[in-house]
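Below: the structure, in structure tokens.
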Amino acid sequence: IGAVPRRSRVADHDAATRAVDLVLTRLGGDRDATEVPLPRFDRVTPAAPATDLSSATVALVTESALVPDDNPDHLESARATKWLRYSLDGRDTLASGDWRSVHGGFSTVWANEDPHRLLPLDVARQLQGEGAIGDLHPAYLVTAGNGTSVGNARRFGIEWAADLRHSEVRAAILTAT
């Protein structure tokens with residue numbers, strides 16, 4: 001990040017006076033009164049639910065940081081700056097010991113014991129075999145959601161959507177931690 005300049009500001013009143021004034025203002029009906037305004041985030045209208053998945057390509061995507069056991073692409077456990085794609089071609093299951101979550105925001109013990117807890121490939125293949133879904137996207141998309149900046153998360157979402165649209169994916173199962 002580098003050096004952040006320090007700025008001191010002398011308030012007109014001490015903290016106790018400002019706190020009482022703020023409480024009285026809020027009790028008076030001004031619910032938006034604050035000394036620390038929150039940032040305004042984009043509002044995203046969700047897409048309509050997919051219908052008739054029996055002919056649709058479905059993708060698996062996750063922010064659980066599930067990667068091959070040796071984490072070959074060095075996905076960060078927190079504050080992710082990238083997302084990755086791993087092939088599911090020829091796979092019906094994810095074996096414990098071959099995959100692990102490097103997510104730094106929760107205990108990954110149970111997830112590493114059974115990676116399907118994070119990426120339900122086994123159930124997706126079963127649904128595909130039953131004809132409930134048409135096809136499964138040949139790769140899954142992954143990042144770590146832990147502490148990821150809003151800017152990076154927004155970029156990941158835009159890039160994931162473009163990637164999935166390009167592959168003619170009609171629905172995605174996003175597993176989150």
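Numbering starts fresh at 1 for the residues of each chain in the structure tokens, the chains themselves are lettered A, B, ... in the order given, and ligands are numbered from 1 as they appear.
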If you run DSSP over the backbone, which residues in stretch 4-173 of chain A end up alpha helix (DSSP H)? Put them as a tab-separated table (two decimals) with N, CA and C atoms, in the first residue's frame.
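Output contents, as saved in part.tsv:
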chain	number	residue	atom	x	y	z
A	15	ALA	N	-15.52	14.34	21.83
A	15	ALA	CA	-16.21	13.14	21.36
A	15	ALA	C	-17.51	12.88	22.12
A	16	ALA	N	-17.52	13.10	23.42
A	16	ALA	CA	-18.72	12.84	24.21
A	16	ALA	C	-19.87	13.75	23.76
A	17	THR	N	-19.58	15.01	23.54
A	17	THR	CA	-20.61	15.96	23.09
A	17	THR	C	-21.13	15.57	21.71
A	18	ARG	N	-20.21	15.21	20.81
A	18	ARG	CA	-20.62	14.81	19.47
A	18	ARG	C	-21.47	13.55	19.51
A	19	ALA	N	-21.12	12.60	20.38
A	19	ALA	CA	-21.88	11.36	20.48
A	19	ALA	C	-23.30	11.63	20.97
A	20	VAL	N	-23.44	12.47	22.00
A	20	VAL	CA	-24.77	12.79	22.51
A	20	VAL	C	-25.58	13.53	21.44
A	21	ASP	N	-24.95	14.47	20.76
A	21	ASP	CA	-25.64	15.20	19.68
A	21	ASP	C	-26.11	14.24	18.58
A	22	LEU	N	-25.28	13.27	18.23
A	22	LEU	CA	-25.65	12.32	17.19
A	22	LEU	C	-26.82	11.44	17.64
A	23	VAL	N	-26.80	10.99	18.88
A	23	VAL	CA	-27.91	10.18	19.40
A	23	VAL	C	-29.20	10.99	19.39
A	24	LEU	N	-29.13	12.23	19.84
A	24	LEU	CA	-30.33	13.07	19.86
A	24	LEU	C	-30.85	13.32	18.44
A	25	THR	N	-29.94	13.53	17.51
A	25	THR	CA	-30.33	13.73	16.11
A	25	THR	C	-31.03	12.49	15.57
A	26	ARG	N	-30.47	11.33	15.89
A	26	ARG	CA	-31.09	10.08	15.41
A	26	ARG	C	-32.43	9.84	16.09
A	27	LEU	N	-32.51	10.12	17.37
A	27	LEU	CA	-33.79	9.97	18.07
A	27	LEU	C	-34.83	10.93	17.52
A	109	VAL	N	-10.62	-27.75	7.76
A	109	VAL	CA	-10.44	-29.17	8.07
A	109	VAL	C	-11.50	-30.04	7.41
A	110	TRP	N	-12.78	-29.70	7.62
A	110	TRP	CA	-13.87	-30.51	7.08
A	110	TRP	C	-13.94	-30.41	5.56
A	111	ALA	N	-13.65	-29.25	5.04
A	111	ALA	CA	-13.67	-29.07	3.59
A	111	ALA	C	-12.56	-29.89	2.93
A	112	ASN	N	-11.40	-29.91	3.53
A	112	ASN	CA	-10.30	-30.67	2.95
A	112	ASN	C	-10.54	-32.17	3.06
A	113	GLU	N	-11.29	-32.58	4.08
A	113	GLU	CA	-11.64	-33.99	4.23
A	113	GLU	C	-12.53	-34.45	3.08
A	121	LEU	N	-19.12	-31.36	-7.17
A	121	LEU	CA	-18.94	-32.02	-8.46
A	121	LEU	C	-19.65	-33.36	-8.50
A	122	ASP	N	-19.59	-34.12	-7.40
A	122	ASP	CA	-20.22	-35.44	-7.38
A	122	ASP	C	-21.73	-35.35	-7.64
A	123	VAL	N	-22.39	-34.41	-7.00
A	123	VAL	CA	-23.83	-34.24	-7.18
A	123	VAL	C	-24.13	-33.67	-8.57
A	124	ALA	N	-23.30	-32.75	-9.04
A	124	ALA	CA	-23.51	-32.19	-10.38
A	124	ALA	C	-23.40	-33.28	-11.45
A	125	ARG	N	-22.44	-34.18	-11.30
A	125	ARG	CA	-22.31	-35.28	-12.27
A	125	ARG	C	-23.52	-36.21	-12.18
A	126	GLN	N	-24.01	-36.43	-10.96
A	126	GLN	CA	-25.20	-37.27	-10.79
A	126	GLN	C	-26.40	-36.63	-11.49
A	127	LEU	N	-26.58	-35.32	-11.29
A	127	LEU	CA	-27.68	-34.61	-11.95
A	127	LEU	C	-27.53	-34.64	-13.47
A	128	GLN	N	-26.31	-34.54	-13.92
A	128	GLN	CA	-26.05	-34.62	-15.36
A	128	GLN	C	-26.43	-36.01	-15.89
A	129	GLY	N	-26.05	-37.04	-15.15
A	129	GLY	CA	-26.38	-38.41	-15.55
A	129	GLY	C	-27.88	-38.68	-15.57
A	130	GLU	N	-28.61	-38.02	-14.66
A	130	GLU	CA	-30.07	-38.19	-14.60
A	130	GLU	C	-30.80	-37.34	-15.63
A	150	VAL	N	-13.59	-4.81	-2.61
A	150	VAL	CA	-14.79	-4.66	-3.42
A	150	VAL	C	-14.41	-4.49	-4.89
A	151	GLY	N	-13.37	-3.74	-5.15
A	151	GLY	CA	-12.93	-3.52	-6.53
A	151	GLY	C	-12.53	-4.81	-7.22
A	152	ASN	N	-11.74	-5.64	-6.53
A	152	ASN	CA	-11.34	-6.92	-7.12
A	152	ASN	C	-12.54	-7.85	-7.27
A	153	ALA	N	-13.40	-7.91	-6.26
A	153	ALA	CA	-14.58	-8.78	-6.33
A	153	ALA	C	-15.47	-8.37	-7.51
A	154	ARG	N	-15.62	-7.09	-7.70
A	154	ARG	CA	-16.43	-6.59	-8.83
A	154	ARG	C	-15.79	-7.02	-10.16
A	155	ARG	N	-14.48	-6.85	-10.25
A	155	ARG	CA	-13.75	-7.25	-11.46
A	155	ARG	C	-13.90	-8.75	-11.70
A	156	PHE	N	-13.76	-9.55	-10.63
A	156	PHE	CA	-13.91	-11.01	-10.78
A	156	PHE	C	-15.30	-11.34	-11.31
A	157	GLY	N	-16.32	-10.70	-10.77
A	157	GLY	CA	-17.69	-10.96	-11.21
A	157	GLY	C	-17.88	-10.65	-12.68
A	158	ILE	N	-17.36	-9.52	-13.11
A	158	ILE	CA	-17.47	-9.12	-14.52
A	158	ILE	C	-16.73	-10.13	-15.41
A	159	GLU	N	-15.53	-10.51	-14.99
A	159	GLU	CA	-14.74	-11.45	-15.79
A	159	GLU	C	-15.37	-12.85	-15.80
A	160	TRP	N	-15.89	-13.29	-14.66
A	160	TRP	CA	-16.56	-14.60	-14.61
A	160	TRP	C	-17.77	-14.59	-15.53
A	161	ALA	N	-18.56	-13.54	-15.45
A	161	ALA	CA	-19.77	-13.47	-16.29
A	161	ALA	C	-19.40	-13.51	-17.77
A	162	ALA	N	-18.38	-12.77	-18.16
A	162	ALA	CA	-17.95	-12.77	-19.57
A	162	ALA	C	-17.45	-14.15	-19.98
A	163	ASP	N	-16.66	-14.78	-19.13
A	163	ASP	CA	-16.13	-16.10	-19.42
A	163	ASP	C	-17.26	-17.12	-19.57
A	164	LEU	N	-18.22	-17.09	-18.67
A	164	LEU	CA	-19.33	-18.05	-18.72
A	164	LEU	C	-20.26	-17.79	-19.90
A	165	ARG	N	-20.50	-16.52	-20.20
A	165	ARG	CA	-21.32	-16.20	-21.38
A	165	ARG	C	-20.65	-16.70	-22.66
A	166	HIS	N	-19.34	-16.48	-22.74
A	166	HIS	CA	-18.59	-16.94	-23.91
A	166	HIS	C	-18.71	-18.45	-24.09
For this session: Mind checking which residues fall within 6 Å of A:Arg100, counting only C-alpha atoms, ignoring those fewer than 3 positions away in the same chain, and posting them as a list in words?
Result: Leu66, Val67, Asp69 and Asn112 of chain A
Write the selection just made, keeping C-alpha atoms, as a CSV table (one decimal), in the first residue's frame?
chain,number,residue,atom,x,y,z
A,66,LEU,CA,-10.4,-24.8,-3.5
A,67,VAL,CA,-7.3,-25.6,-5.5
A,69,ASP,CA,-3.3,-29.8,-3.3
A,112,ASN,CA,-10.3,-30.7,3.0
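As for atom CA of A:Ala65 and atom CA of A:Arg79, they are spaced 11.4 Å apart.
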Problem set entry | Residues within 10 Å of stretch 46-54 of chain A, only C-alpha atoms, excluding chain neighbours under 3 positions, as number ranges by chain | A: 43, 57-58, 127-128, 130-135, 170-172
Taking C-alpha atoms for each residue, export the selection above as a compact mmCIF listing (two decimals), in the first residue's frame.
# COMPACT_ATOMS: atom_id res chain seq x y z
CA ARG A 43 -26.83 -2.37 -6.91
CA THR A 57 -24.80 -25.92 -19.51
CA VAL A 58 -24.24 -25.34 -15.79
CA LEU A 127 -27.68 -34.61 -11.95
CA GLN A 128 -26.05 -34.62 -15.36
CA GLU A 130 -30.07 -38.19 -14.60
CA GLY A 131 -30.68 -35.58 -17.30
CA ALA A 132 -31.62 -32.88 -14.77
CA ILE A 133 -28.88 -30.68 -16.23
CA GLY A 134 -27.74 -30.78 -19.82
CA ASP A 135 -24.01 -30.38 -19.48
CA ARG A 170 -26.94 -20.62 -18.75
CA ALA A 171 -26.70 -21.22 -14.99
CA ALA A 172 -24.03 -21.28 -12.33
